[in-house]
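Report on the following structure.
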Protein chains: 2
Amino acid sequence: MPRVLVVDDEAGVRTALGRGLTAEGLDVVTAADGPTALRAALTGSFDLILLDIIIPGLSGYRVLEQLRNEGVDTPVLLISAKDGEVDQADGLDLGADGYLVKPFSFMVLVAQVRALLRRREAERGQSGRRLRLGELMVDPATKQVSWSGRPVELSPREFAVLYALASRPDTVLSKDELLRLAWGGEQAASRNAVEVYVGYLRRKLQAVGAGHLLRTVRGHGYRVGASG
Amino acid sequence: MPRVLVVDDEAGVRTALGRGLTAEGLDVVTAADGPTALRAALTGSFDLILLDIIIPGLSGYRVLEQLRNEGVDTPVLLISAKDGEVDQADGLDLGADGYLVKPFSFMVLVAQVRALLRRREAERGQSGRRLRLGELMVDPATKQVSWSGRPVELSPREFAVLYALASRPDTVLSKDELLRLAWGGEQAASRNAVEVYVGYLRRKLQAVGAGHLLRTVRGHGYRVGASG
DNA sequence: ATGTGCTCTGAGAACGCCCTGAGAGATTGT
DNA sequence: ACAATCTCTCAGGGCGTTCTCAGAGCACAT
């Protein structure tokens, strides 16, 4: 269930939006002032933020600005009573994803919210979930991998590499991308390490009859296919 | 340089927007009617589409609907003279990313455009968009190229050259431009290398019946046509 | 027809990508 | 403490890729 943060200083607006959006199947959290909103938003745990500009403590503009500065890219829908074009342009340039002018119709609001959530959904795919590609099963919770029922024992690093590849079926990942995804930001290892680990994975997969799963795309990187 | 498709039936609007957005550093292409717009947009080679709803041939709604049905997810900014909330909600539910009501201020338009381009930029990793030109498919995520379903195996450099050309359909690219786009800043290669790689590409494309796709424009450079 | 560039192509050398076995540290389990 | 495992580097070999060179082919103007 998508999580939405509603920021407005009027209690009536908060409860009205909260009720309406909950009815639309969203998980709604509210905040009444800037600092509270910023603290909540910085967790990055929201899928969308409805942000009134006129709020106490810290204006909506500032909240948005801080968020983007901190690298939080949650979509933000600004809400304002003013409809001056200058404000609108400023808000969008600060990194907002849309603008609503009070009084707005609830239908338009819901449509905007849905549009932003839909795009978000389409771009993020499923994350952190159990993967299934044909006969291959990859479960990040239990760190278990199996091919057509037969279990495959993997070391943590081997698992990380396979998971990175399997979560993007048919997509070619370069060695640098794999270093980023399976090794993390520090990048302590060289590209050859990736080659070595792909080799380990292949050997283990081969043993259960899935040797062809992990393909080399010469000059580009590696790929696991949904087809097998 | 981000590419924008401007769709409007009024020539005045087209030139005004074209001029203004070009000044903002965008590469602008225009279309005056629905079918033309759809054909251009389906190539997937644009970063943003400004789409008037009232256009001849095929309404903006329909163009948008078809685009989304075909799996093209280029951001679309709808433009309409009407400001009825029903229309706005409908448009957003069809998969639009924003809505502008005529008459709109150019400042607000630019702000919206920049907001959408910025988000796009942030979300798309290094791999670019998937391109479709008639029978040709070029997918940077999987590094796969195909002509009417038949796959074409390309080396990294060959792929880079084809991708550079295909992302600017019908545009002639000089050898120097191709060196910049497909070789990168270092420019370690000579212009003859471009000729050689165009030759490689032609040979491989010929093998699947797409020999005529990559044309030479003598004295200027090379071009791939949307028409084939 | 002839000349002058521009374009294409085959040959081949240099290069770098990819795989693998061996093994050195680090870490974990007993 | 000892063994087992894990992580990663190194060196070497095979081979595909990249790019240059030289010369032939082609378009266009005089």
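If you're wondering about the labels, chains in the structure tokens are A, B, ... by order shown, residues count from 1 in each chain, ligands from 1 in order shown.
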
Counting only C-alpha atoms (C1' of nucleotides), collect the residues of chain D whose closest atom lies at most 9 Å from chain A, and write them out as number ranges by chain.
D: 5-9, 16-17

Given the selection you just returned, output its residues as a file containing C-alpha atoms (C1' of nucleotides), formatted as a compact mmCIF listing (two decimals), in the first residue's frame.
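Okay, again14.txt is ready:
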```txt
# COMPACT_ATOMS: atom_id res chain seq x y z
C1' DT D 5 35.27 -21.04 4.04
C1' DC D 6 35.18 -16.75 1.92
C1' DT D 7 37.12 -12.86 -0.50
C1' DC D 8 39.98 -11.07 -3.70
C1' DT D 9 44.37 -10.41 -6.47
C1' DG D 16 37.04 -11.00 -30.07
C1' DT D 17 37.25 -6.00 -30.76
```

Got a sec to pull out which chain C residues are within 8 Å of chain A, counting only C-alpha atoms (C1' of nucleotides), and send them as a PyMOL selection string?
chain C and resi 17-19

Hey, what's within 6 Å of Tyr222 of chain A if we count only C-alpha atoms (C1' of nucleotides) and toss same-chain stuff fewer than 3 positions away? As a ChimeraX atom specification, please?
/A:172-173,215-217

Dump as a PDB file, in the first residue's frame, selection limited to C-alpha atoms:
```
ATOM      1  CA  VAL A 172      22.789  -6.369 -19.154  1.00  0.00           C
ATOM      2  CA  LEU A 173      24.736  -5.134 -16.149  1.00  0.00           C
ATOM      3  CA  ARG A 215      25.378 -15.239 -19.969  1.00  0.00           C
ATOM      4  CA  THR A 216      28.310 -13.035 -20.907  1.00  0.00           C
ATOM      5  CA  VAL A 217      27.564 -10.183 -23.276  1.00  0.00           C
TER       6      VAL A 217
END
```

Strand (DSSP E) call set, DSSP backbone run, segment 2-226 of chain A, as a ChimeraX atom specification:
/A:3-7,27-31,48-52,76-80,98-101,131-133,136-139,144-147,150-152,214-217,221-224

Give me the residues within 12 Å of Glu177 of chain B as an NGL selection string, counting only C-alpha atoms (C1' of nucleotides) and dropping any in the same chain fewer than 6 places off.
:B and (161 or 164-165 or 168 or 171 or 183-185 or 187 or 191 or 194 or 220-223)

Would you kindly report the residues of chain A within 7 Å of chain B, using only C-alpha atoms, as an MDAnalysis selection string?
chainID A and resid 85 88:89 92:93 95:97 107:108 111:112 115 170:172 219:220

What's the 12 Å shell around DG25 of chain D, counting only C-alpha atoms (C1' of nucleotides), without same-chain residues fewer than 5 positions away, as a list in words?
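Once the adjacent positions are removed, what remains is DC6, DT7, DC8 and DT9 of chain C.
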
Looking only at alpha helix (DSSP H) from DSSP on the backbone, list the matching residues of segment 84-225 of chain A as a ChimeraX atom specification.
/A:85-93,106-124,156-166,175-178,191-207

Please provide the set of residues having any atom within 10 Å of Pro151 of chain A, restricted to only C-alpha atoms (C1' of nucleotides), with same-chain residues fewer than 6 positions apart removed, written as a PDB file with N, CA and C atoms, in the first residue's frame.
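Okay, part_16.pdb is ready:
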```pdb
ATOM      1  N   LEU A 136      14.239 -20.678 -11.712  1.00  0.00           N
ATOM      2  CA  LEU A 136      15.113 -20.103 -10.688  1.00  0.00           C
ATOM      3  C   LEU A 136      14.327 -19.390  -9.589  1.00  0.00           C
ATOM      4  N   MET A 137      14.665 -19.684  -8.350  1.00  0.00           N
ATOM      5  CA  MET A 137      14.070 -18.987  -7.212  1.00  0.00           C
ATOM      6  C   MET A 137      15.181 -18.320  -6.418  1.00  0.00           C
ATOM      7  N   GLN A 144      18.288 -18.064   0.204  1.00  0.00           N
ATOM      8  CA  GLN A 144      18.289 -19.357  -0.463  1.00  0.00           C
ATOM      9  C   GLN A 144      18.029 -19.220  -1.953  1.00  0.00           C
ATOM     10  N   VAL A 145      18.698 -20.062  -2.707  1.00  0.00           N
ATOM     11  CA  VAL A 145      18.542 -20.078  -4.155  1.00  0.00           C
ATOM     12  C   VAL A 145      18.286 -21.520  -4.581  1.00  0.00           C
ATOM     13  N   LEU A 205      25.887 -23.205 -10.601  1.00  0.00           N
ATOM     14  CA  LEU A 205      24.633 -23.335 -11.335  1.00  0.00           C
ATOM     15  C   LEU A 205      24.698 -24.527 -12.288  1.00  0.00           C
ATOM     16  N   VAL A 208      23.600 -27.907 -11.025  1.00  0.00           N
ATOM     17  CA  VAL A 208      22.181 -28.261 -10.946  1.00  0.00           C
ATOM     18  C   VAL A 208      21.513 -28.097 -12.302  1.00  0.00           C
TER      19      VAL A 208
END
```

Quick check, in Å to one decimal: how far apart do atom CA of Ala31 of chain B and atom CA of Val13 of chain B lie?
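Atom CA of Val13 of chain B lies at a distance of 11.2 Å from atom CA of Ala31 of chain B.
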
Can you tell me how far atom CA of Ala182 of chain B sits from atom C1' of DA11 of chain C, in Å to one decimal?
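For atom CA of Ala182 of chain B relative to atom C1' of DA11 of chain C, the distance reads 24.7 Å.
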